[in-house]
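Listing of structure-v7.cif, mmCIF, C-alpha atoms and all ligand atoms
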```
data_entry
#
loop_
_atom_site.label_atom_id
_atom_site.label_comp_id
_atom_site.auth_asym_id
_atom_site.auth_seq_id
_atom_site.Cartn_x
_atom_site.Cartn_y
_atom_site.Cartn_z
CA MET B 1487 -1.38 10.88 -15.24
CA ASN B 1488 -3.48 12.98 -17.60
CA VAL B 1489 -6.27 15.42 -16.89
CA ASP B 1490 -7.88 16.85 -20.02
CA GLY B 1491 -4.82 15.85 -22.04
CA LYS B 1492 -2.30 17.51 -19.70
CA HIS B 1493 0.08 15.49 -17.54
CA TYR B 1494 -0.18 16.05 -13.79
CA ARG B 1495 1.37 14.63 -10.70
CA SER B 1496 -0.67 14.88 -7.51
CA ILE B 1497 1.95 17.17 -5.92
CA TRP B 1498 4.56 19.42 -7.49
CA LEU B 1499 6.52 22.62 -6.98
CA ALA B 1500 5.23 25.85 -8.51
CA GLU B 1501 7.38 27.97 -10.83
CA ASP B 1502 9.24 29.60 -7.90
CA GLY B 1503 10.62 26.18 -6.90
CA ARG B 1504 9.41 26.74 -3.32
CA THR B 1505 5.60 26.81 -3.26
CA VAL B 1506 4.07 23.35 -2.92
CA ARG B 1507 1.10 22.80 -5.22
CA ILE B 1508 -1.52 20.07 -4.76
CA ILE B 1509 -4.89 19.11 -6.19
CA ASP B 1510 -7.68 19.73 -3.66
CA GLN B 1511 -9.11 16.22 -3.73
CA THR B 1512 -12.12 17.23 -1.62
CA ARG B 1513 -13.40 19.11 -4.70
CA LEU B 1514 -13.28 16.12 -7.05
CA PRO B 1515 -15.03 14.88 -9.11
CA HIS B 1516 -17.03 18.10 -9.48
CA ALA B 1517 -14.15 20.56 -9.77
CA PHE B 1518 -10.42 20.30 -10.52
CA VAL B 1519 -8.85 22.88 -8.24
CA THR B 1520 -5.22 23.29 -7.22
CA VAL B 1521 -4.01 24.77 -3.93
CA ASP B 1522 -0.70 26.52 -3.26
CA MET B 1523 0.90 25.88 0.11
CA VAL B 1524 3.60 28.13 1.56
CA GLU B 1525 3.15 27.47 5.29
CA PRO B 1526 3.87 24.11 6.98
CA GLU B 1527 0.62 24.46 8.96
CA THR B 1528 -1.30 24.47 5.67
CA VAL B 1529 0.39 21.20 4.78
CA ALA B 1530 -0.71 19.71 8.12
CA THR B 1531 -4.29 20.85 7.47
CA ALA B 1532 -4.18 19.47 3.92
CA ILE B 1533 -3.23 16.02 5.24
CA ARG B 1534 -5.57 16.05 8.26
CA ASP B 1535 -8.60 17.31 6.32
CA MET B 1536 -7.83 15.07 3.33
CA TRP B 1537 -7.24 17.69 0.65
CA VAL B 1538 -4.58 15.09 -0.10
CA ARG B 1539 -4.84 11.51 1.03
CA GLY B 1540 -3.58 8.05 0.21
CA ALA B 1541 -0.57 6.61 1.99
CA PRO B 1542 2.22 7.45 -0.50
CA LEU B 1543 0.93 10.95 -1.19
CA ILE B 1544 0.58 11.66 2.53
CA GLY B 1545 4.28 10.77 2.88
CA ALA B 1546 5.43 12.95 -0.02
CA THR B 1547 3.29 15.88 1.14
CA ALA B 1548 4.68 15.69 4.67
CA ALA B 1549 8.21 15.69 3.24
CA TYR B 1550 7.46 18.94 1.40
CA GLY B 1551 5.91 20.23 4.63
CA MET B 1552 9.32 19.80 6.26
CA ALA B 1553 10.87 21.83 3.43
CA LEU B 1554 8.40 24.66 4.13
CA GLN B 1555 9.25 24.41 7.83
CA MET B 1556 12.96 24.79 6.98
CA GLN B 1557 12.16 27.79 4.82
CA ARG B 1558 10.62 29.46 7.85
CA ASP B 1559 13.39 28.49 10.27
CA PRO B 1560 16.11 25.87 9.67
CA GLY B 1561 17.07 25.58 13.38
CA ASP B 1562 16.94 22.42 15.50
CA ASP B 1563 13.80 23.40 17.46
CA SER B 1564 11.96 24.14 14.23
CA LEU B 1565 13.07 20.82 12.75
CA HIS B 1566 11.63 18.90 15.70
CA ALA B 1567 8.46 21.03 15.87
CA GLY B 1568 7.76 20.53 12.15
CA TYR B 1569 8.29 16.79 12.45
CA ASP B 1570 5.92 16.53 15.45
CA MET B 1571 3.21 18.71 13.88
CA LEU B 1572 3.16 16.75 10.62
CA MET B 1573 3.43 13.39 12.37
CA ALA B 1574 0.27 14.16 14.37
CA THR B 1575 -1.90 14.65 11.27
CA ARG B 1576 -3.05 11.07 10.56
CA PRO B 1577 -2.18 7.90 12.44
CA THR B 1578 -2.57 4.87 10.17
CA ALA B 1579 -0.54 5.20 6.96
CA VAL B 1580 3.05 4.38 7.88
CA ASN B 1581 4.40 6.31 4.87
CA LEU B 1582 3.93 9.49 6.91
CA ARG B 1583 6.43 8.37 9.54
CA TRP B 1584 8.71 6.83 6.91
CA ALA B 1585 8.93 10.05 4.89
CA LEU B 1586 9.38 12.29 7.93
CA ASP B 1587 12.13 10.02 9.25
CA GLU B 1588 13.87 10.07 5.86
CA VAL B 1589 13.87 13.87 5.75
CA ARG B 1590 14.90 14.28 9.39
CA GLN B 1591 17.78 11.85 8.91
CA VAL B 1592 19.07 13.98 6.04
CA LEU B 1593 18.63 17.31 7.84
CA SER B 1594 19.71 16.56 11.41
CA PRO B 1595 23.47 16.27 10.80
CA LEU B 1596 23.57 19.39 8.59
CA PRO B 1597 24.31 22.94 9.74
CA PRO B 1598 21.04 24.95 9.65
CA ALA B 1599 22.28 27.04 6.71
CA ASP B 1600 22.37 23.93 4.49
CA ARG B 1601 19.00 22.52 5.50
CA LEU B 1602 16.61 24.37 3.22
CA GLU B 1603 18.08 23.13 -0.06
CA ALA B 1604 18.59 19.66 1.41
CA ALA B 1605 14.96 19.48 2.56
CA TYR B 1606 13.59 20.34 -0.89
CA ALA B 1607 15.99 17.85 -2.48
CA ALA B 1608 14.94 15.10 -0.04
CA ALA B 1609 11.23 15.75 -0.59
CA THR B 1610 11.68 15.76 -4.37
CA ARG B 1611 13.66 12.53 -4.18
CA ILE B 1612 10.83 10.91 -2.15
CA ALA B 1613 8.26 12.08 -4.71
CA ASP B 1614 10.35 10.90 -7.68
CA GLU B 1615 11.04 7.54 -6.04
CA ASP B 1616 7.32 7.06 -5.44
CA VAL B 1617 6.64 7.50 -9.14
CA GLU B 1618 9.28 4.92 -10.04
CA ILE B 1619 8.09 2.44 -7.38
CA ASN B 1620 4.52 2.65 -8.66
CA ARG B 1621 5.58 2.34 -12.28
CA GLN B 1622 7.41 -0.86 -11.34
CA ILE B 1623 4.44 -2.18 -9.31
CA GLY B 1624 2.40 -1.70 -12.46
CA ALA B 1625 4.87 -3.67 -14.56
CA ASN B 1626 4.84 -6.53 -12.04
CA GLY B 1627 1.05 -6.53 -11.64
CA LEU B 1628 0.59 -6.40 -15.40
CA ALA B 1629 1.91 -9.97 -15.61
CA LEU B 1630 -1.02 -11.15 -13.44
CA ILE B 1631 -3.56 -9.41 -15.64
CA GLU B 1632 -1.93 -10.79 -18.79
CA GLU B 1633 -2.11 -14.30 -17.37
CA ILE B 1634 -5.84 -13.98 -16.62
CA ALA B 1635 -6.51 -12.38 -20.01
CA ALA B 1636 -4.68 -15.21 -21.80
CA ALA B 1637 -6.99 -17.78 -20.17
CA LYS B 1638 -10.15 -15.98 -21.35
CA PRO B 1639 -11.85 -16.11 -24.73
CA ALA B 1640 -10.33 -13.41 -26.96
CA GLY B 1641 -11.81 -9.98 -26.37
CA GLU B 1642 -13.47 -10.85 -23.05
CA PRO B 1643 -12.50 -8.29 -20.41
CA VAL B 1644 -10.57 -9.06 -17.25
CA ASN B 1645 -12.86 -7.99 -14.40
CA ILE B 1646 -10.93 -6.31 -11.60
CA LEU B 1647 -12.48 -5.11 -8.35
CA THR B 1648 -10.82 -2.37 -6.34
CA HIS B 1649 -11.68 -0.65 -3.08
CA CYS B 1650 -11.15 2.97 -2.02
CA ASN B 1651 -8.76 4.97 -4.17
CA ALA B 1652 -5.29 3.57 -4.65
CA GLY B 1653 -4.96 5.49 -7.89
CA TRP B 1654 -2.54 8.18 -9.04
CA LEU B 1655 -4.32 10.65 -6.78
CA ALA B 1656 -3.32 8.57 -3.75
CA THR B 1657 0.32 8.49 -4.81
CA VAL B 1658 2.52 10.96 -6.67
CA ASP B 1659 1.74 9.28 -10.00
CA TRP B 1660 0.47 5.98 -11.47
CA GLY B 1661 -1.21 4.77 -8.27
CA THR B 1662 -0.49 1.45 -6.62
CA ALA B 1663 -3.53 -0.75 -7.34
CA THR B 1664 -4.29 1.19 -10.52
CA SER B 1665 -0.79 1.07 -11.98
CA PRO B 1666 -1.22 -2.50 -13.35
CA ILE B 1667 -4.64 -1.44 -14.64
CA TYR B 1668 -3.26 1.61 -16.47
CA GLN B 1669 -0.38 -0.40 -17.91
CA ALA B 1670 -2.70 -3.23 -19.05
CA ALA B 1671 -5.00 -0.66 -20.68
CA GLU B 1672 -2.01 0.89 -22.46
CA ARG B 1673 -1.25 -2.53 -23.94
CA GLY B 1674 -4.79 -2.92 -25.19
CA ILE B 1675 -5.83 -5.71 -22.81
CA PRO B 1676 -9.62 -5.59 -22.45
CA LEU B 1677 -10.50 -4.61 -18.89
CA HIS B 1678 -13.46 -3.79 -16.75
CA VAL B 1679 -13.07 -2.32 -13.27
CA TRP B 1680 -15.62 -2.66 -10.46
CA VAL B 1681 -15.21 0.48 -8.35
CA ASP B 1682 -16.37 0.17 -4.73
CA GLU B 1683 -17.91 3.48 -3.69
CA THR B 1684 -16.07 3.23 -0.33
CA ARG B 1685 -18.26 4.90 2.21
CA PRO B 1686 -18.10 7.11 4.12
CA ARG B 1687 -15.66 9.38 2.23
CA ASN B 1688 -16.51 7.80 -1.12
CA GLN B 1689 -12.96 7.80 -2.46
CA GLY B 1690 -14.07 5.13 -4.93
CA ALA B 1691 -17.04 7.11 -6.23
CA TYR B 1692 -15.38 10.52 -6.18
CA LEU B 1693 -11.80 9.64 -7.09
CA THR B 1694 -11.27 6.16 -8.57
CA ALA B 1695 -14.33 6.50 -10.83
CA TRP B 1696 -13.04 9.95 -11.92
CA GLU B 1697 -9.65 8.46 -12.71
CA MET B 1698 -11.13 5.54 -14.67
CA ALA B 1699 -13.46 7.81 -16.62
CA GLY B 1700 -10.62 10.25 -17.33
CA HIS B 1701 -8.47 7.47 -18.77
CA GLY B 1702 -11.23 5.80 -20.75
CA ILE B 1703 -11.14 2.57 -18.75
CA PRO B 1704 -14.45 0.68 -18.76
CA HIS B 1705 -15.74 0.61 -15.21
CA ALA B 1706 -18.86 0.57 -13.07
CA LEU B 1707 -19.43 2.09 -9.68
CA ILE B 1708 -20.89 -0.39 -7.18
CA THR B 1709 -22.04 -0.15 -3.60
CA ASP B 1710 -19.65 -1.42 -0.98
CA ASN B 1711 -21.94 -4.38 -0.40
CA ALA B 1712 -22.06 -5.64 -3.99
CA GLY B 1713 -18.64 -7.30 -4.25
CA GLY B 1714 -19.57 -10.63 -2.65
CA HIS B 1715 -22.56 -11.05 -4.94
CA LEU B 1716 -20.48 -10.27 -8.04
CA MET B 1717 -17.86 -12.79 -6.97
CA GLN B 1718 -20.49 -15.51 -6.42
CA HIS B 1719 -21.59 -15.01 -10.02
CA GLY B 1720 -18.11 -15.24 -11.53
CA LEU B 1721 -17.99 -11.54 -12.38
CA VAL B 1722 -14.72 -10.76 -10.62
CA ASP B 1723 -11.45 -12.28 -11.89
CA LEU B 1724 -9.12 -10.42 -9.60
CA VAL B 1725 -9.19 -8.04 -6.64
CA ILE B 1726 -6.39 -5.49 -6.31
CA THR B 1727 -6.37 -3.02 -3.42
CA GLY B 1728 -3.80 -0.67 -2.00
CA THR B 1729 -2.56 -0.57 1.56
CA ASP B 1730 -1.78 2.06 4.16
CA ARG B 1731 0.45 -0.18 6.26
CA THR B 1732 1.48 -3.80 5.79
CA THR B 1733 3.20 -5.66 8.59
CA ALA B 1734 6.43 -7.64 8.37
CA ARG B 1735 4.37 -10.86 8.27
CA GLY B 1736 1.98 -9.60 5.57
CA ASP B 1737 -1.13 -8.40 7.42
CA VAL B 1738 -2.64 -5.62 5.31
CA CYS B 1739 -4.21 -2.48 6.74
CA ASN B 1740 -6.29 -0.59 4.21
CA LYS B 1741 -9.47 1.46 3.91
CA ILE B 1742 -12.39 0.18 5.99
CA GLY B 1743 -14.25 -2.58 4.15
CA THR B 1744 -11.17 -4.15 2.56
CA TYR B 1745 -11.31 -7.06 5.03
CA LEU B 1746 -14.87 -7.93 3.97
CA LYS B 1747 -13.79 -8.00 0.31
CA ALA B 1748 -10.92 -10.32 1.19
CA LEU B 1749 -13.30 -12.67 3.04
CA ALA B 1750 -15.66 -12.77 0.08
CA ALA B 1751 -12.75 -13.32 -2.33
CA HIS B 1752 -11.44 -16.16 -0.18
CA ASP B 1753 -14.86 -17.81 -0.03
CA ASN B 1754 -15.21 -17.60 -3.81
CA GLY B 1755 -11.68 -18.54 -4.84
CA VAL B 1756 -11.04 -15.09 -6.33
CA PRO B 1757 -7.36 -14.01 -6.16
CA PHE B 1758 -6.93 -11.09 -3.76
CA TYR B 1759 -3.75 -9.08 -4.38
CA VAL B 1760 -2.44 -6.01 -2.62
CA ALA B 1761 -0.26 -3.44 -4.39
CA LEU B 1762 2.44 -2.61 -1.85
CA PRO B 1763 5.17 0.01 -2.25
CA SER B 1764 8.03 -0.83 0.11
CA PRO B 1765 7.73 2.41 2.16
CA THR B 1766 4.30 1.10 3.22
CA ILE B 1767 5.83 -1.92 4.98
CA ASP B 1768 6.10 -1.48 8.73
CA TRP B 1769 8.98 -3.79 9.59
CA ASN B 1770 8.46 -3.11 13.31
CA VAL B 1771 4.98 -4.59 13.42
CA GLN B 1772 3.88 -8.22 13.03
CA ASP B 1773 0.23 -8.53 14.13
CA GLY B 1774 -1.73 -5.92 12.22
CA VAL B 1775 -5.00 -6.33 14.11
CA ALA B 1776 -3.37 -5.89 17.50
CA GLU B 1777 -0.70 -3.35 16.66
CA ILE B 1778 -1.76 -0.93 13.92
CA PRO B 1779 -3.47 2.25 15.15
CA ILE B 1780 -6.79 2.59 13.34
CA GLU B 1781 -7.89 6.16 12.68
CA GLU B 1782 -11.37 6.94 13.97
CA ARG B 1783 -12.73 9.93 12.06
CA ASN B 1784 -15.65 12.21 12.80
CA GLY B 1785 -19.05 10.50 12.75
CA ASP B 1786 -20.40 13.34 10.61
CA GLU B 1787 -18.61 11.69 7.67
CA VAL B 1788 -21.10 8.81 8.11
CA SER B 1789 -24.17 10.90 8.91
CA TYR B 1790 -23.74 13.23 5.94
CA ILE B 1791 -23.10 12.57 2.29
CA SER B 1792 -22.08 15.25 -0.14
CA GLY B 1793 -23.07 15.51 -3.77
CA LYS B 1794 -23.95 17.85 -6.59
CA GLY B 1795 -27.56 18.98 -6.83
CA PRO B 1796 -29.47 19.60 -10.07
CA ASP B 1797 -28.51 23.30 -9.93
CA GLY B 1798 -24.82 22.40 -9.77
CA THR B 1799 -24.36 23.22 -6.09
CA VAL B 1800 -22.23 20.74 -4.13
CA LEU B 1801 -23.68 20.25 -0.66
CA PRO B 1802 -23.45 17.84 2.24
CA VAL B 1803 -26.86 16.41 3.19
CA ARG B 1804 -27.80 14.58 6.38
CA ILE B 1805 -28.91 10.97 5.79
CA SER B 1806 -29.66 9.80 9.34
CA PRO B 1807 -31.78 11.00 12.26
CA GLU B 1808 -30.26 13.88 14.24
CA ALA B 1809 -30.59 11.65 17.31
CA SER B 1810 -28.47 8.81 15.87
CA PRO B 1811 -24.78 8.97 16.70
CA ALA B 1812 -22.35 7.46 14.20
CA ARG B 1813 -18.97 5.74 14.54
CA ASN B 1814 -16.34 5.98 11.85
CA PRO B 1815 -13.33 3.63 11.97
CA ALA B 1816 -11.48 4.53 8.76
CA PHE B 1817 -9.30 1.44 8.21
CA ASP B 1818 -9.33 -2.29 8.86
CA VAL B 1819 -6.79 -5.09 8.79
CA THR B 1820 -6.93 -8.06 6.45
CA PRO B 1821 -4.99 -10.97 7.93
CA ALA B 1822 -2.18 -12.26 5.71
CA ARG B 1823 -3.90 -15.63 5.30
CA LEU B 1824 -6.59 -13.97 3.15
CA VAL B 1825 -4.09 -12.27 0.83
CA THR B 1826 -3.08 -14.19 -2.30
CA GLY B 1827 0.02 -12.09 -2.89
CA LEU B 1828 1.73 -8.72 -2.50
CA ILE B 1829 2.67 -6.81 -5.64
CA THR B 1830 5.78 -4.78 -4.80
CA GLU B 1831 8.27 -2.83 -6.88
CA ARG B 1832 10.69 -5.75 -6.61
CA GLY B 1833 8.23 -8.44 -7.66
CA ILE B 1834 5.24 -10.36 -6.32
CA CYS B 1835 5.59 -12.33 -3.10
CA ALA B 1836 3.49 -14.32 -0.67
CA ALA B 1837 1.97 -12.36 2.21
CA THR B 1838 4.32 -13.96 4.70
CA ALA B 1839 7.40 -12.92 6.68
CA GLU B 1840 9.52 -15.13 4.39
CA GLY B 1841 7.94 -13.71 1.24
CA LEU B 1842 8.62 -10.11 2.23
CA ALA B 1843 12.08 -10.79 3.63
CA GLY B 1844 12.93 -12.66 0.41
CA LEU B 1845 12.26 -9.55 -1.67
CA PHE B 1846 13.61 -7.05 0.84
CA PRO B 1847 16.46 -8.75 2.71
CA ASP B 1848 18.16 -5.36 3.13
CA ARG B 1849 15.15 -3.82 4.92
CA ALA B 1850 13.84 -6.85 6.85
CA ALA B 1851 17.17 -7.20 8.64
CA ALA B 1852 17.30 -3.52 9.64
O1 LIG I 1901 -8.26 7.72 4.03
P1 LIG I 1901 -7.46 7.69 2.76
O2 LIG I 1901 -8.21 8.19 1.57
O3 LIG I 1901 -6.11 8.33 2.94
O4 LIG I 1901 -7.20 6.15 2.53
C1 LIG I 1901 -6.54 5.73 1.39
C2 LIG I 1901 -6.60 4.29 1.18
O5 LIG I 1901 -7.06 3.51 1.96
C3 LIG I 1901 -5.94 3.83 -0.03
O6 LIG I 1901 -6.55 2.66 -0.50
C4 LIG I 1901 -4.50 3.74 0.17
O7 LIG I 1901 -3.81 4.69 0.80
C5 LIG I 1901 -3.81 2.71 -0.48
S1 LIG I 1901 -2.33 2.97 -1.34
C6 LIG I 1901 -2.43 4.17 -2.46
#
```
What would the structure in this file look like if it were written as structure tokens?
Amino acid sequence: MNVDGKHYRSIWLAEDGRTVRIIDQTRLPHAFVTVDMVEPETVATAIRDMWVRGAPLIGATAAYGMALQMQRDPGDDSLHAGYDMLMATRPTAVNLRWALDEVRQVLSPLPPADRLEAAYAAATRIADEDVEINRQIGANGLALIEEIAAAKPAGEPVNILTHCNAGWLATVDWGTATSPIYQAAERGIPLHVWVDETRPRNQGAYLTAWEMAGHGIPHALITDNAGGHLMQHGLVDLVITGTDRTTARGDVCNKIGTYLKALAAHDNGVPFYVALPSPTIDWNVQDGVAEIPIEERNGDEVSYISGKGPDGTVLPVRISPEASPARNPAFDVTPARLVTGLITERGICAATAEGLAGLFPDRAAA
């Protein structure tokens, strides 16, 4: 998508065709800074410390990490070591494992001398496919927005609530939850987006709000607790979130707080949709609550909040007593029964085993 009139993806290769370039998302919205990565360890740090984040982008970044590992040493031991190091970075988004498996499957049968080029080609294919998947999710989700807009008095905006950042920054381009929003905006459909701040890392405030502002989409930042109230007052027409892992029966794991939005949507009859690229489906898992590993991050992310002071300095500040420990589960699981539908690249389906298998018979059977 565009930043100051220039098109960017969230990850790309520098002019030498080897260096992996990303946007340091920890610096947004205050500074737009890119980082060049030439060592696979830097890629692991970038994923673990959330310079990049978002399930699809984590997958694409790890794939390029494997290419850097092959550049250092294309041998079998190196292949396995790179896979293990990158796999250990974050536990919840299944795209990480999916992308690493895809790259390993390509590289393993090859003689080491052929692996470097093949690794870059595989990573680039994963990145390009992500863009196409998200573009298609946008086209499919657009139909939902058009339907709601058609039922409203002319000119009245469709109010969409989203949680965390499932925007282009969380993918290679377009975003998942934001792709229908961007495509509806391009068609001139009046929109208004409620952006959950998404404590503790504030991906909504720092990233989604930055994306919306950058693309001229009317929006308002709200606290994580405001959604239920807005729904009770008829101010939300549609919820669209992303997902970090969705099970074969349609349970949706996403950023902490998503479950509470789904409960409020259910109680208020507000449609709750999840934008789901197929690499985010974990076909090996059924019961999301019982089976998906939930990342527990450092409590300091809860105890401190970072922001820009009046003199322009960006600083973390402590917001709780030194004596108060904090806990920080980073994701939760919304049971399939609370999900109105899943917006995939192949169409929209019910959040059920049958719904998913109907759209992806080739994958469900595997
Ligand atoms: O911890 P993060 O920032 O990696 O979590 C990201 C999310 O929860 C997103 O909503 C997500 O990955 C959905 S799909 C783009």
Mind listing the residues within 9 Å of ligand LIG 1901 (chain I), only C-alpha atoms and all ligand atoms counted, as a VMD selection string? chain B and resid 1533 1536 1538 to 1544 1576 1578 to 1579 1648 to 1657 1661 to 1664 1687 to 1689 1727 to 1731 1739 to 1742 1744 1761 to 1763 1766 1781 1816 to 1817
Which residue is closest to Gly1690 (chain B)? Choose from B:Leu1514, B:Met1717, B:Leu1845, B:Leu1499 and count all atoms listed in the file. B:Leu1514
Return the single residue from B:Thr1830, B:Gln1669, B:Asn1581, B:Thr1684 that is closest to Pro1765 (chain B), with distances computed using only C-alpha atoms.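 Among the listed residues, the smallest separation from Pro1765 (chain B) belongs to B:Asn1581.
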Distance cut-off 9 Å, centre (-18.8, 6.9, 5.9) in file coordinates, counting all atoms listed in the file: which residues qualify? Return them as an mmCIF file with C-alpha atoms, in the coordinates of the input.
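Final file, selection-v3.cif:
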```cif
data_model
loop_
_atom_site.group_PDB
_atom_site.id
_atom_site.type_symbol
_atom_site.label_atom_id
_atom_site.label_comp_id
_atom_site.auth_asym_id
_atom_site.auth_seq_id
_atom_site.Cartn_x
_atom_site.Cartn_y
_atom_site.Cartn_z
ATOM 1 C CA THR B 1684 -16.070 3.230 -0.330
ATOM 2 C CA ARG B 1685 -18.260 4.900 2.210
ATOM 3 C CA PRO B 1686 -18.100 7.110 4.120
ATOM 4 C CA ARG B 1687 -15.660 9.380 2.230
ATOM 5 C CA ASN B 1688 -16.510 7.800 -1.120
ATOM 6 C CA GLY B 1785 -19.050 10.500 12.750
ATOM 7 C CA ASP B 1786 -20.400 13.340 10.610
ATOM 8 C CA GLU B 1787 -18.610 11.690 7.670
ATOM 9 C CA VAL B 1788 -21.100 8.810 8.110
ATOM 10 C CA SER B 1789 -24.170 10.900 8.910
ATOM 11 C CA TYR B 1790 -23.740 13.230 5.940
ATOM 12 C CA ILE B 1791 -23.100 12.570 2.290
ATOM 13 C CA ARG B 1813 -18.970 5.740 14.540
ATOM 14 C CA ASN B 1814 -16.340 5.980 11.850
ATOM 15 C CA PRO B 1815 -13.330 3.630 11.970
ATOM 16 C CA ALA B 1816 -11.480 4.530 8.760
#
```
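If you measure from each of B:Ala1604, B:Leu1647, B:Ile1708, B:Ala1625 to Tyr1759 (chain B) using all atoms listed in the file, the closest one turns out to be B:Leu1647.
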Report the closest atom pair, with its distance in Å rounded to one decimal, for each residue of region 1593-1660 of chain B that has an atom no farther than 10 Å from region 1559-1575 of chain B; count only C-alpha atoms, sort by chain and then rising residue number, and write it as CSV.
```
residue,atom,partner,partner_atom,distance
B:Leu1593,CA,B:Leu1565,CA,8.2
B:Ser1594,CA,B:Asp1562,CA,7.7
B:Leu1596,CA,B:Pro1560,CA,9.9
B:Pro1597,CA,B:Gly1561,CA,8.5
B:Pro1598,CA,B:Pro1560,CA,5.0
B:Ala1599,CA,B:Pro1560,CA,6.9
B:Asp1600,CA,B:Pro1560,CA,8.4
B:Arg1601,CA,B:Pro1560,CA,6.1
B:Leu1602,CA,B:Pro1560,CA,6.6
B:Ala1605,CA,B:Pro1560,CA,9.6
```
